[in-house]
Structure formats: C-alpha cells, structure tokens
file model.csv (CSV, C-alpha atoms)
chain,number,residue,atom,x,y,z
A,1,MET,CA,-26.7,-86.4,12.3
A,2,LYS,CA,-30.2,-87.8,11.6
A,3,ILE,CA,-32.8,-85.7,13.3
A,4,ILE,CA,-36.5,-86.4,13.8
A,5,VAL,CA,-38.6,-83.2,13.6
A,6,PHE,CA,-41.7,-84.3,15.6
A,7,ASP,CA,-44.9,-82.2,15.9
A,8,THR,CA,-48.5,-83.4,15.9
A,9,TRP,CA,-50.0,-79.9,16.3
A,10,LEU,CA,-48.4,-78.0,13.4
A,11,PRO,CA,-49.9,-74.6,14.2
A,12,GLN,CA,-50.5,-72.3,11.3
A,13,ALA,CA,-49.1,-69.4,13.2
A,14,HIS,CA,-45.7,-71.0,13.3
A,15,ARG,CA,-45.7,-72.4,9.8
A,16,LYS,CA,-43.1,-70.0,8.4
A,17,LEU,CA,-40.9,-70.4,11.4
A,18,TYR,CA,-40.9,-74.2,11.3
A,19,ASN,CA,-40.3,-74.3,7.5
A,20,SER,CA,-37.3,-72.0,8.1
A,21,ILE,CA,-36.0,-74.3,10.9
A,22,ILE,CA,-36.1,-77.4,8.8
A,23,GLU,CA,-34.4,-75.6,5.9
A,24,ILE,CA,-31.6,-74.6,8.3
A,25,LEU,CA,-31.2,-78.0,9.8
A,26,SER,CA,-31.3,-79.8,6.5
A,27,ARG,CA,-28.2,-77.9,5.2
A,28,SER,CA,-25.9,-80.2,7.2
A,29,ASN,CA,-28.2,-82.9,8.7
A,30,SER,CA,-30.6,-85.6,7.5
A,31,LEU,CA,-34.1,-85.0,8.7
A,32,ILE,CA,-37.2,-87.2,9.2
A,33,VAL,CA,-40.2,-84.8,9.4
A,34,ILE,CA,-43.7,-85.5,10.5
A,35,ASN,CA,-46.0,-83.7,8.0
A,36,LYS,CA,-49.7,-83.3,7.1
A,37,ASN,CA,-51.5,-81.5,4.3
A,38,ASP,CA,-48.2,-80.1,3.0
A,39,TYR,CA,-47.6,-78.0,6.2
A,40,TYR,CA,-44.0,-78.2,5.3
A,41,ASP,CA,-43.2,-77.2,1.7
A,42,TYR,CA,-39.4,-76.9,1.8
A,43,VAL,CA,-37.8,-79.5,-0.6
A,44,SER,CA,-34.4,-81.0,0.1
A,45,ASP,CA,-32.7,-84.3,-0.6
A,46,ASN,CA,-31.8,-84.3,3.1
A,47,ILE,CA,-35.5,-84.3,4.2
A,48,GLN,CA,-37.7,-87.4,4.4
A,49,TYR,CA,-41.3,-86.4,5.1
A,50,LYS,CA,-43.6,-88.8,6.9
A,51,THR,CA,-47.1,-87.6,5.8
A,52,ILE,CA,-49.7,-89.0,8.2
A,53,PRO,CA,-53.4,-88.3,8.9
A,54,LEU,CA,-53.7,-86.1,12.0
A,55,LEU,CA,-56.9,-85.0,13.7
A,56,ASP,CA,-57.6,-81.3,13.7
A,57,LEU,CA,-56.8,-79.8,17.1
A,58,ASP,CA,-58.2,-76.3,16.4
A,59,HIS,CA,-61.8,-77.4,16.7
A,60,GLY,CA,-64.0,-79.4,19.1
A,61,GLY,CA,-64.5,-79.4,22.8
A,62,LEU,CA,-62.0,-80.2,25.6
A,63,TRP,CA,-62.5,-83.9,25.6
A,64,TYR,CA,-62.3,-84.2,21.8
A,65,LYS,CA,-59.0,-82.3,21.9
A,66,ARG,CA,-57.6,-84.5,24.6
A,67,ILE,CA,-58.5,-87.7,22.7
A,68,ALA,CA,-57.3,-86.2,19.4
A,69,HIS,CA,-54.0,-85.2,21.0
A,70,ILE,CA,-53.4,-88.8,22.3
A,71,PHE,CA,-54.4,-90.3,18.9
A,72,ASN,CA,-52.1,-87.9,16.9
A,73,PHE,CA,-49.2,-88.7,19.2
A,74,LEU,CA,-49.6,-92.4,18.9
A,75,ILE,CA,-50.0,-92.4,15.1
A,76,ALA,CA,-47.0,-90.1,14.7
A,77,ARG,CA,-44.8,-92.2,17.1
A,78,LEU,CA,-45.8,-95.5,15.4
A,79,SER,CA,-44.8,-94.0,12.0
A,80,ILE,CA,-41.2,-93.6,13.1
A,81,LEU,CA,-41.0,-96.5,15.5
A,82,TRP,CA,-38.4,-98.5,13.6
A,83,MET,CA,-36.4,-95.6,12.3
A,84,LYS,CA,-32.8,-94.9,13.5
A,85,TYR,CA,-32.0,-91.3,14.5
A,86,ASP,CA,-29.6,-89.3,16.7
A,87,ARG,CA,-31.7,-86.4,18.0
A,88,VAL,CA,-35.4,-85.4,18.4
A,89,LEU,CA,-36.6,-81.9,17.8
A,90,ILE,CA,-40.2,-81.3,19.1
A,91,THR,CA,-41.3,-78.0,17.8
A,92,THR,CA,-44.7,-77.8,19.5
A,93,TYR,CA,-45.6,-79.8,22.7
A,94,HIS,CA,-48.4,-79.9,25.3
A,95,THR,CA,-47.1,-79.0,28.7
A,96,ARG,CA,-49.4,-81.3,30.6
A,97,HIS,CA,-49.1,-84.3,28.4
A,98,PHE,CA,-45.5,-84.3,27.5
A,99,GLY,CA,-44.5,-86.1,30.7
A,100,TRP,CA,-46.0,-89.5,29.5
A,101,GLN,CA,-45.2,-88.8,25.9
A,102,LYS,CA,-41.5,-88.4,26.6
A,103,LYS,CA,-41.4,-92.0,28.0
A,104,TRP,CA,-42.5,-93.2,24.5
A,105,MET,CA,-39.8,-91.2,22.6
A,106,GLY,CA,-36.9,-93.5,23.1
A,107,GLY,CA,-33.5,-92.7,24.6
A,108,LYS,CA,-32.0,-90.2,22.2
A,109,PRO,CA,-31.6,-86.5,23.2
A,110,ILE,CA,-34.8,-84.5,23.0
A,111,PHE,CA,-35.0,-80.8,22.2
A,112,LEU,CA,-38.1,-78.8,23.0
A,113,MET,CA,-38.8,-75.5,21.2
A,114,GLU,CA,-40.3,-73.2,23.9
A,115,HIS,CA,-43.3,-71.1,22.9
A,116,TYR,CA,-46.5,-70.6,24.8
A,117,ASN,CA,-45.4,-73.3,27.3
A,118,VAL,CA,-43.4,-70.7,29.2
A,119,ASP,CA,-46.7,-68.9,29.8
A,120,ASP,CA,-48.3,-72.2,31.0
A,121,ILE,CA,-45.8,-72.7,33.8
A,122,ALA,CA,-46.9,-69.5,35.5
A,123,TYR,CA,-49.6,-71.8,37.0
A,124,PRO,CA,-48.4,-74.1,39.8
A,125,LEU,CA,-50.1,-77.2,38.4
A,126,MET,CA,-48.6,-76.7,35.0
A,127,LEU,CA,-45.2,-76.0,36.6
A,128,ASP,CA,-45.4,-79.3,38.4
A,129,HIS,CA,-46.0,-81.1,35.1
A,130,TYR,CA,-43.2,-79.2,33.4
A,131,LEU,CA,-40.6,-79.9,36.1
A,132,SER,CA,-41.4,-83.6,36.1
A,133,TYR,CA,-39.5,-83.9,32.7
A,134,ALA,CA,-37.8,-80.5,32.2
A,135,ASN,CA,-34.4,-81.7,33.4
A,136,GLU,CA,-34.5,-84.8,31.2
A,137,VAL,CA,-34.8,-82.9,27.9
A,138,HIS,CA,-33.2,-79.8,26.4
A,139,HIS,CA,-34.8,-76.5,25.8
A,140,LEU,CA,-34.4,-74.1,22.8
A,141,VAL,CA,-35.3,-70.5,23.6
A,142,PHE,CA,-35.2,-67.5,21.3
A,143,ALA,CA,-34.0,-65.0,23.9
A,144,PRO,CA,-31.7,-65.4,26.9
A,145,PHE,CA,-34.1,-63.8,29.3
A,146,ILE,CA,-36.6,-66.6,28.6
A,147,GLY,CA,-33.9,-69.2,29.4
A,148,ASP,CA,-33.1,-67.3,32.6
A,149,TYR,CA,-36.7,-67.4,33.6
A,150,ILE,CA,-37.1,-71.2,33.2
A,151,ASN,CA,-33.7,-71.7,35.0
A,152,SER,CA,-35.1,-69.7,37.9
A,153,LEU,CA,-38.0,-72.1,38.1
A,154,GLY,CA,-35.7,-75.1,38.5
A,155,VAL,CA,-34.5,-76.1,35.1
A,156,ASP,CA,-30.8,-76.9,34.9
A,157,LYS,CA,-28.9,-74.2,33.1
A,158,SER,CA,-26.9,-76.7,31.1
A,159,ARG,CA,-30.2,-77.9,29.5
A,160,ILE,CA,-31.2,-74.4,28.2
A,161,HIS,CA,-29.9,-73.3,24.9
A,162,PHE,CA,-30.3,-69.9,23.2
A,163,ILE,CA,-30.6,-69.7,19.4
A,164,HIS,CA,-31.6,-66.6,17.3
A,165,HIS,CA,-35.0,-66.5,15.7
A,166,PRO,CA,-34.9,-67.0,11.9
A,167,LEU,CA,-36.1,-64.1,9.7
A,168,PHE,CA,-38.7,-64.8,7.1
A,169,THR,CA,-40.3,-61.5,6.3
A,170,GLU,CA,-39.5,-59.5,3.1
A,171,ASP,CA,-37.3,-56.4,3.1
A,172,LEU,CA,-38.9,-53.0,2.6
A,173,HIS,CA,-40.4,-52.0,-0.7
A,174,LYS,CA,-40.2,-48.2,-0.9
A,175,ASN,CA,-43.6,-46.6,-1.6
A,176,SER,CA,-42.9,-43.5,-3.7
A,177,ASN,CA,-46.6,-42.5,-3.6
A,178,LYS,CA,-46.7,-42.2,0.2
A,179,ASP,CA,-48.2,-39.0,1.5
A,180,THR,CA,-45.4,-37.3,3.4
A,181,THR,CA,-47.7,-34.8,5.1
A,182,TYR,CA,-48.3,-37.1,8.0
A,183,ILE,CA,-46.1,-39.4,10.1
A,184,ASN,CA,-47.7,-42.8,10.1
A,185,VAL,CA,-47.5,-45.1,13.1
A,186,LEU,CA,-48.6,-48.7,12.8
A,187,CYS,CA,-49.5,-51.1,15.6
A,188,PRO,CA,-49.8,-54.3,13.5
A,189,GLY,CA,-50.1,-57.0,16.1
A,190,LEU,CA,-53.2,-58.6,17.5
A,191,SER,CA,-51.8,-59.4,20.9
A,192,ASN,CA,-52.2,-55.9,22.3
A,193,ASP,CA,-53.0,-54.7,25.8
A,194,GLU,CA,-56.4,-53.2,25.3
A,195,SER,CA,-56.0,-51.1,28.4
A,196,ILE,CA,-53.0,-49.3,26.9
A,197,ILE,CA,-54.8,-48.7,23.7
A,198,GLU,CA,-57.8,-47.3,25.6
A,199,SER,CA,-55.4,-45.0,27.6
A,200,ILE,CA,-53.8,-43.8,24.3
A,201,ILE,CA,-57.2,-42.9,22.9
A,202,ASP,CA,-58.2,-41.1,26.1
A,203,TYR,CA,-55.0,-39.1,26.2
A,204,GLU,CA,-55.2,-38.1,22.6
A,205,ARG,CA,-58.9,-37.1,23.1
A,206,ASP,CA,-57.8,-34.8,25.9
A,207,HIS,CA,-54.6,-33.4,24.5
A,208,SER,CA,-54.7,-33.8,20.6
A,209,ILE,CA,-50.9,-34.5,20.6
A,210,LEU,CA,-51.1,-36.7,17.5
A,211,GLU,CA,-53.4,-34.3,15.6
A,212,ARG,CA,-51.2,-31.3,16.4
A,213,ASN,CA,-48.1,-33.1,15.2
A,214,TYR,CA,-49.6,-34.5,12.0
A,215,ILE,CA,-49.3,-38.1,13.3
A,216,ARG,CA,-51.7,-40.8,12.2
A,217,LEU,CA,-51.9,-43.9,14.4
A,218,GLU,CA,-53.2,-47.2,13.0
A,219,LEU,CA,-54.1,-49.9,15.5
A,220,ARG,CA,-55.2,-53.5,15.0
A,221,SER,CA,-57.9,-54.5,17.4
A,222,ASN,CA,-61.2,-56.4,17.2
A,223,LYS,CA,-62.6,-54.4,20.1
A,224,ASP,CA,-64.8,-51.4,19.6
A,225,PHE,CA,-63.9,-48.1,21.3
A,226,ASP,CA,-66.1,-45.0,21.8
A,227,ASN,CA,-65.3,-41.5,20.7
A,228,VAL,CA,-62.0,-42.3,18.9
A,229,PRO,CA,-60.1,-39.2,17.7
A,230,GLN,CA,-59.7,-38.7,14.0
A,231,SER,CA,-55.9,-39.1,14.3
A,232,ILE,CA,-56.5,-42.8,15.3
A,233,ARG,CA,-58.0,-45.5,13.2
A,234,PHE,CA,-58.5,-49.2,13.6
A,235,ILE,CA,-57.7,-52.1,11.3
A,236,LYS,CA,-60.0,-55.1,12.0
A,237,GLY,CA,-60.0,-58.7,10.8
A,238,PHE,CA,-57.7,-60.8,8.8
A,239,LEU,CA,-55.0,-59.1,6.7
A,240,SER,CA,-53.7,-60.8,3.5
A,241,LYS,CA,-49.9,-60.9,3.0
A,242,GLU,CA,-50.2,-58.0,0.4
A,243,GLU,CA,-52.2,-55.9,2.8
A,244,TYR,CA,-49.8,-56.5,5.7
A,245,GLU,CA,-46.8,-55.7,3.5
A,246,SER,CA,-48.5,-52.5,2.2
A,247,LEU,CA,-49.1,-51.3,5.8
A,248,TYR,CA,-45.5,-51.7,6.7
A,249,ASN,CA,-44.3,-50.0,3.6
A,250,ASP,CA,-46.5,-47.0,4.3
A,251,THR,CA,-45.6,-46.6,7.9
A,252,ASP,CA,-42.8,-44.5,9.5
A,253,LEU,CA,-42.8,-46.0,13.0
A,254,VAL,CA,-44.1,-49.3,14.5
A,255,LEU,CA,-45.8,-49.7,17.8
A,256,VAL,CA,-46.3,-52.7,20.1
A,257,THR,CA,-48.4,-52.7,23.2
A,258,TYR,CA,-48.0,-56.2,24.7
A,259,PRO,CA,-49.9,-57.3,27.8
A,260,GLN,CA,-47.8,-58.5,30.8
A,261,SER,CA,-48.9,-62.1,30.0
A,262,TYR,CA,-46.8,-61.8,26.8
A,263,ARG,CA,-43.5,-61.0,28.7
A,264,PHE,CA,-41.9,-64.4,28.0
A,265,ARG,CA,-42.9,-64.8,24.4
A,266,PHE,CA,-41.1,-63.7,21.3
A,267,SER,CA,-42.2,-61.0,19.0
A,268,SER,CA,-42.4,-61.3,15.2
A,269,VAL,CA,-43.5,-57.7,15.0
A,270,ILE,CA,-40.1,-56.6,16.4
A,271,LEU,CA,-38.3,-58.8,13.9
A,272,ASN,CA,-40.3,-57.5,11.0
A,273,SER,CA,-39.7,-53.9,12.1
A,274,MET,CA,-35.9,-54.3,12.2
A,275,THR,CA,-35.9,-56.2,8.9
A,276,LYS,CA,-38.0,-53.4,7.2
A,277,HIS,CA,-35.9,-50.5,8.5
A,278,LYS,CA,-38.6,-49.2,10.9
A,279,VAL,CA,-38.0,-47.7,14.4
A,280,LEU,CA,-40.1,-49.5,16.9
A,281,ILE,CA,-41.7,-48.1,20.1
A,282,GLY,CA,-42.9,-50.6,22.7
A,283,ASN,CA,-44.2,-50.8,26.3
A,284,ASN,CA,-41.9,-51.7,29.1
A,285,ILE,CA,-41.9,-55.5,29.2
A,286,ASP,CA,-39.1,-58.1,28.9
A,287,ILE,CA,-39.1,-58.7,25.2
A,288,VAL,CA,-39.1,-55.0,24.3
A,289,ARG,CA,-36.4,-54.2,26.8
A,290,TYR,CA,-34.3,-57.1,25.4
A,291,PHE,CA,-34.3,-55.6,21.9
A,292,SER,CA,-33.9,-52.1,23.2
A,293,ASN,CA,-30.7,-53.1,25.1
A,294,LYS,CA,-29.3,-54.6,21.9
A,295,TYR,CA,-30.5,-52.0,19.5
A,296,PRO,CA,-31.2,-48.8,21.5
A,297,ASN,CA,-31.6,-46.5,18.5
A,298,ASN,CA,-34.1,-48.7,16.7
A,299,CYS,CA,-36.2,-50.1,19.6
A,300,LEU,CA,-37.5,-47.5,22.1
A,301,VAL,CA,-39.3,-48.2,25.4
A,302,PHE,CA,-42.1,-46.2,27.1
A,303,SER,CA,-43.2,-46.8,30.7
A,304,SER,CA,-46.3,-44.5,30.8
A,305,ILE,CA,-48.8,-43.1,28.4
A,306,LYS,CA,-47.3,-39.6,28.7
A,307,GLU,CA,-43.9,-41.0,27.9
A,308,PHE,CA,-45.4,-42.7,24.8
A,309,PHE,CA,-46.6,-39.4,23.5
A,310,ASP,CA,-43.3,-37.7,24.4
A,311,VAL,CA,-41.4,-40.4,22.4
A,312,ILE,CA,-43.7,-40.5,19.4
A,313,VAL,CA,-43.5,-36.8,18.6
A,314,GLN,CA,-39.7,-36.9,18.5
A,315,LYS,CA,-37.7,-37.1,15.2
A,316,HIS,CA,-36.5,-40.7,14.7
A,317,THR,CA,-33.8,-41.9,12.3
A,318,PHE,CA,-33.4,-45.6,11.7
A,319,ASN,CA,-29.8,-46.9,12.5
A,320,GLU,CA,-28.6,-49.1,9.7
A,321,ILE,CA,-25.5,-50.2,11.5
A,322,GLU,CA,-27.6,-51.7,14.2
A,323,ARG,CA,-29.7,-53.4,11.6
A,324,GLU,CA,-26.6,-54.9,9.9
A,325,GLU,CA,-25.7,-56.6,13.2
A,326,PHE,CA,-29.2,-57.8,13.7
A,327,ILE,CA,-29.4,-59.3,10.2
A,328,LYS,CA,-26.1,-61.1,10.7
A,329,GLU,CA,-27.1,-62.6,14.1
A,330,HIS,CA,-30.5,-63.8,12.7
A,331,SER,CA,-29.1,-65.1,9.4
A,332,LYS,CA,-29.7,-68.7,8.5
A,333,GLU,CA,-25.9,-69.2,8.4
A,334,SER,CA,-25.5,-68.1,12.0
A,335,ILE,CA,-28.4,-70.1,13.3
A,336,GLU,CA,-27.1,-73.2,11.5
A,337,ILE,CA,-23.8,-72.9,13.4
A,338,GLU,CA,-25.7,-72.3,16.7
A,339,ILE,CA,-28.1,-75.2,16.5
A,340,ASN,CA,-25.6,-77.7,15.1
A,341,SER,CA,-23.1,-76.8,17.9
A,342,ILE,CA,-25.8,-77.3,20.5
A,343,MET,CA,-27.0,-80.7,19.2
A,344,GLU,CA,-23.5,-82.0,18.6
A,345,SER,CA,-22.4,-81.1,22.1
A,346,ILE,CA,-25.0,-83.3,23.7
A,347,SER,CA,-24.4,-86.9,24.3
A,348,TYR,CA,-26.2,-89.5,26.4
call {"tool": "encode", "arguments": {"input": "model.csv", "output": "structure tokens"}}
result
Amino acid sequence: MKIIVFDTWLPQAHRKLYNSIIEILSRSNSLIVINKNDYYDYVSDNIQYKTIPLLDLDHGGLWYKRIAHIFNFLIARLSILWMKYDRVLITTYHTRHFGWQKKWMGGKPIFLMEHYNVDDIAYPLMLDHYLSYANEVHHLVFAPFIGDYINSLGVDKSRIHFIHHPLFTEDLHKNSNKDTTYINVLCPGLSNDESIIESIIDYERDHSILERNYIRLELRSNKDFDNVPQSIRFIKGFLSKEEYESLYNDTDLVLVTYPQSYRFRFSSVILNSMTKHKVLIGNNIDIVRYFSNKYPNNCLVFSSIKEFFDVIVQKHTFNEIEREEFIKEHSKESIEIEINSIMESISY
C-alpha cells in the first residue's frame, strides 16, 4: 500500500513515537510523509518526505494559532494534491477543525491516531464536533479501554482499532556504584496529581514511614512545597536524556501519580518502567489498572495514601516472565502485523 502520513503539528513530545511508527509502516508499505525541520529522521527507500514550511503552533495567541493551523493544513494538503495513495494516517489532529479538514482529504480511508483528543471530548461542544466526523474515519488507540470509551460516546466499534504502543526507550544499564543502603523510588513524570504529592508529603511528615524504612522518594514537580521531609526530594526543570537514563538506572521502584484528567491517555513512564525492569506503583486510574491487570507483579495499584505507604515498604521483585510477554506484544514486528492487518481490512 501507499500511505500518506499527514501531520501539520508535529509535536516534539511525540517525535520518537512518530519516527517509530513510520519505521514500522515503511517495512512493508510505501510512505509519503509530511515533514519539517527534519522532524522525521528515519531513512528508508520506502519513504518519500515532503518537506514544507509550516508555521510554529507552539507560540502566539489564540487567533494566530487558528490562522496558522488553517495555513499549515492548506499548504500540506496542496503539497500532496496530485499524489496517488491508498490510506491516510493522521498522527495529530485538531478536534474542532478536523470536520472541515476531512472534506478536503479525498475519498481514501483515513486513520486518526488518538491522543489528547480523547480528553477534549469530555466537553459537550468538543464531543459534538468529534461525532460529526468520527464515524466517517477510523481510530487507532493504544489501549482497549480507550476504544471502549469512545465507543460508549457513539463511535461505531468497527471503526476503532487497537494497536500496541511502540517501545523506544533503552534497556537498563546496571549501575554498580549505586548506594544499596537506601531503596530509591522515582516519580519521573511531569503530569502528576499535585494533591497526591502533597498528601504523600503530609503523611511522611506525620509518620516518617520512608525514613524509618530507608526509602528515598524523588519526585518531579515544578511546584514548591513547604516543610518537605528529608526522605523526599524534588527534581525540577528539563532533564537531558543522560540525566533521565541515570535516574532510571539508580532507582529501585517507579511511581506515577496521574490526575483523573489523564485517565484516557497513554503512559510512556509505564512503558519505560517495564522496559527497564522496574516495578511500578501507580494510583487507581484506568491506564494503571490496565497494565496492572496484564502484568500484576510488575504494576501495582494504590487507592489511598495509606495504601501507597503500605505497598512501598514491601519487598518487590521484578517478574521477567511478564516482561518477556510485554516486550513481545510491543515489538515492532508485532505492531507491523497489527497495523497492516487493520489497514488492509478496510475498503471503501
């Protein structure tokens, strides 16, 4: 098949993901890929890049962004106007604007990769926009429960397709110099529920559970908290790849504390933890429960702050058998079979 990979946003947060997706697709398909500033850097004889000038959508006010979004779409669409293709994969799209954009994309099957858009449709106005086109396209989701959710809102189940999320983090590099006196717990994400973090601080201040059990908790947050116990420290600001990898290599357990607004998003922290042989502890929301049900020894759920402390002081051993299944399911070979099967099964 010849597939157009169409994206006028090209968000930096998804750069590794999208490069991995086109690598997988190009193994057995011919791709035409919208690109700018070498956002995509994977090289293959099966990929034809259309490098075009796109306005920056990360800066400027609301009206600038709206105009820039329209301009970018029109420029990108004109660049492929006369090309022949069989499928369209849109990796990032605007929930409100895609209704009119779809009418300009021709008659070939369109596949939308669902990200933050699933958060958007919690709002009635956005849901109305979404449902105006949702049953005329196909949706790729990275977890079945996300597909179940958009199906419950009115999207035909036959138009929702689950694929596993690619892996693009490095395996663990053992740190032989690590201080084994303490158990290190790392909370590396920036999408934390600050109220949970504050409750953990308060509980530790009152009970000294971490201190008495020789546990050090490292949290990423840009918020300042008062009277933080010595057993808890904060990591602020941007982390380089080397710093990020070093933190993972030195930690014993990984923690996520996602807000409820995150419940239908995916989690790269969970993927990284499994890849790097780290037991993960997470609060009781959909994405954590999903992985806990699949890998109950390597992904643990807590429903209260007391339960968090009860879990964290236990002895945890990473289950390598669960990881082997995880690696197999998320391998590029498995995802290639999944996505090709989906796209080949659709005909207009």
call {"tool": "atom_distance", "arguments": {"input": "model.csv", "atom1": "atom CA of A:Glu211", "atom2": "atom CA of A:Asp193"}}
result
22.8 Å
call {"tool": "closest_residue", "arguments": {"input": "model.csv", "among": "A:Met343, A:Met274, A:Met113, A:Val33", "to": "A:Ile321", "atoms": "all atoms listed in the file"}}
result
A:Met274
call {"tool": "atom_distance", "arguments": {"input": "model.csv", "atom1": "atom CA of A:Thr8", "atom2": "atom CA of A:Asp119"}}
result
20.2 Å
call {"tool": "atom_distance", "arguments": {"input": "model.csv", "atom1": "atom CA of A:Ser347", "atom2": "atom CA of A:Asp128"}}
result
26.4 Å
call {"tool": "closest_residue", "arguments": {"input": "model.csv", "among": "A:His97, A:Ala76, A:Tyr116, A:Val88", "to": "A:Pro11", "atoms": "only C-alpha atoms"}}
result
A:Tyr116
call {"tool": "closest_residue", "arguments": {"input": "model.csv", "among": "A:Phe145, A:Tyr214, A:Phe73, A:Trp104", "to": "A:Leu55", "atoms": "all atoms listed in the file"}}
result
A:Phe73
call {"tool": "residues_near_point", "arguments": {"input": "model.csv", "point": "(-55.3, -88.5, 21.0)", "cutoff": "12 Å", "atoms": "all atoms listed in the file", "output": "list in words"}}
result
Thr8, Trp9, Leu54, Leu55, Asp56, Leu57, Leu62, Trp63, Tyr64, Lys65, Arg66, Ile67, Ala68, His69, Ile70, Phe71, Asn72, Phe73, Leu74, Ile75, Ala76, Arg77, His94, His97 and Gln101 of chain A
call {"tool": "residues_around", "arguments": {"input": "model.csv", "residues": "A:Ile4", "least_positions_apart": "5", "cutoff": "12 Å", "atoms": "all atoms listed in the file", "output": "number ranges by chain"}}
result
A: 22, 25-26, 29-35, 46-50, 76-77, 79-81, 83-91, 105-106, 108-111
call {"tool": "write_last_selection", "arguments": {"input": "model.csv", "atoms": "C-alpha atoms", "output": "PDB file, in the frame of the given file"}}
result
ATOM      1  CA  ILE A  22     -36.100 -77.400   8.800  1.00  0.00           C
ATOM      2  CA  LEU A  25     -31.200 -78.000   9.800  1.00  0.00           C
ATOM      3  CA  SER A  26     -31.300 -79.800   6.500  1.00  0.00           C
ATOM      4  CA  ASN A  29     -28.200 -82.900   8.700  1.00  0.00           C
ATOM      5  CA  SER A  30     -30.600 -85.600   7.500  1.00  0.00           C
ATOM      6  CA  LEU A  31     -34.100 -85.000   8.700  1.00  0.00           C
ATOM      7  CA  ILE A  32     -37.200 -87.200   9.200  1.00  0.00           C
ATOM      8  CA  VAL A  33     -40.200 -84.800   9.400  1.00  0.00           C
ATOM      9  CA  ILE A  34     -43.700 -85.500  10.500  1.00  0.00           C
ATOM     10  CA  ASN A  35     -46.000 -83.700   8.000  1.00  0.00           C
ATOM     11  CA  ASN A  46     -31.800 -84.300   3.100  1.00  0.00           C
ATOM     12  CA  ILE A  47     -35.500 -84.300   4.200  1.00  0.00           C
ATOM     13  CA  GLN A  48     -37.700 -87.400   4.400  1.00  0.00           C
ATOM     14  CA  TYR A  49     -41.300 -86.400   5.100  1.00  0.00           C
ATOM     15  CA  LYS A  50     -43.600 -88.800   6.900  1.00  0.00           C
ATOM     16  CA  ALA A  76     -47.000 -90.100  14.700  1.00  0.00           C
ATOM     17  CA  ARG A  77     -44.800 -92.200  17.100  1.00  0.00           C
ATOM     18  CA  SER A  79     -44.800 -94.000  12.000  1.00  0.00           C
ATOM     19  CA  ILE A  80     -41.200 -93.600  13.100  1.00  0.00           C
ATOM     20  CA  LEU A  81     -41.000 -96.500  15.500  1.00  0.00           C
ATOM     21  CA  MET A  83     -36.400 -95.600  12.300  1.00  0.00           C
ATOM     22  CA  LYS A  84     -32.800 -94.900  13.500  1.00  0.00           C
ATOM     23  CA  TYR A  85     -32.000 -91.300  14.500  1.00  0.00           C
ATOM     24  CA  ASP A  86     -29.600 -89.300  16.700  1.00  0.00           C
ATOM     25  CA  ARG A  87     -31.700 -86.400  18.000  1.00  0.00           C
ATOM     26  CA  VAL A  88     -35.400 -85.400  18.400  1.00  0.00           C
ATOM     27  CA  LEU A  89     -36.600 -81.900  17.800  1.00  0.00           C
ATOM     28  CA  ILE A  90     -40.200 -81.300  19.100  1.00  0.00           C
ATOM     29  CA  THR A  91     -41.300 -78.000  17.800  1.00  0.00           C
ATOM     30  CA  MET A 105     -39.800 -91.200  22.600  1.00  0.00           C
ATOM     31  CA  GLY A 106     -36.900 -93.500  23.100  1.00  0.00           C
ATOM     32  CA  LYS A 108     -32.000 -90.200  22.200  1.00  0.00           C
ATOM     33  CA  PRO A 109     -31.600 -86.500  23.200  1.00  0.00           C
ATOM     34  CA  ILE A 110     -34.800 -84.500  23.000  1.00  0.00           C
ATOM     35  CA  PHE A 111     -35.000 -80.800  22.200  1.00  0.00           C
TER      36      PHE A 111
END
call {"tool": "residues_around", "arguments": {"input": "model.csv", "residues": "A:Gln230", "least_positions_apart": "6", "cutoff": "10 Å", "atoms": "all atoms listed in the file", "output": "ChimeraX atom specification"}}
result
/A:204-205,208,210-211,216-217
call {"tool": "residues_around", "arguments": {"input": "model.csv", "residues": "A:Lys278", "least_positions_apart": "5", "cutoff": "8 Å", "atoms": "only C-alpha atoms", "output": "count of residues only"}}
result
6
call {"tool": "residues_around", "arguments": {"input": "model.csv", "residues": "A:Lys315", "least_positions_apart": "3", "cutoff": "12 Å", "atoms": "all atoms listed in the file", "output": "count of residues only"}}
result
11
call {"tool": "residues_around", "arguments": {"input": "model.csv", "residues": "A:Lys276", "least_positions_apart": "5", "cutoff": "12 Å", "atoms": "only C-alpha atoms", "output": "short mmCIF file (atom, residue, chain, number, x, y, z; two decimals) with C-alpha atoms, keeping the file's coordinate frame"}}
result
data_model
loop_
_atom_site.label_atom_id
_atom_site.label_comp_id
_atom_site.auth_asym_id
_atom_site.auth_seq_id
_atom_site.Cartn_x
_atom_site.Cartn_y
_atom_site.Cartn_z
CA LEU A 167 -36.10 -64.10 9.70
CA PHE A 168 -38.70 -64.80 7.10
CA THR A 169 -40.30 -61.50 6.30
CA GLU A 170 -39.50 -59.50 3.10
CA ASP A 171 -37.30 -56.40 3.10
CA LEU A 172 -38.90 -53.00 2.60
CA HIS A 173 -40.40 -52.00 -0.70
CA LYS A 174 -40.20 -48.20 -0.90
CA GLU A 245 -46.80 -55.70 3.50
CA SER A 246 -48.50 -52.50 2.20
CA LEU A 247 -49.10 -51.30 5.80
CA TYR A 248 -45.50 -51.70 6.70
CA ASN A 249 -44.30 -50.00 3.60
CA ASP A 250 -46.50 -47.00 4.30
CA THR A 251 -45.60 -46.60 7.90
CA ASP A 252 -42.80 -44.50 9.50
CA LEU A 253 -42.80 -46.00 13.00
CA VAL A 254 -44.10 -49.30 14.50
CA VAL A 269 -43.50 -57.70 15.00
CA ILE A 270 -40.10 -56.60 16.40
CA LEU A 271 -38.30 -58.80 13.90
CA ASN A 298 -34.10 -48.70 16.70
CA PHE A 318 -33.40 -45.60 11.70
CA ASN A 319 -29.80 -46.90 12.50
CA GLU A 320 -28.60 -49.10 9.70
CA ARG A 323 -29.70 -53.40 11.60
CA GLU A 324 -26.60 -54.90 9.90
CA PHE A 326 -29.20 -57.80 13.70
CA ILE A 327 -29.40 -59.30 10.20
#
call {"tool": "closest_residue", "arguments": {"input": "model.csv", "among": "A:Glu322, A:Lys306, A:Ile197, A:Lys2", "to": "A:Ser292", "atoms": "all atoms listed in the file"}}
result
A:Glu322
call {"tool": "closest_residue", "arguments": {"input": "model.csv", "among": "A:Asn283, A:Asn151, A:Thr317, A:Asn227", "to": "A:Val118", "atoms": "only C-alpha atoms"}}
result
A:Asn151
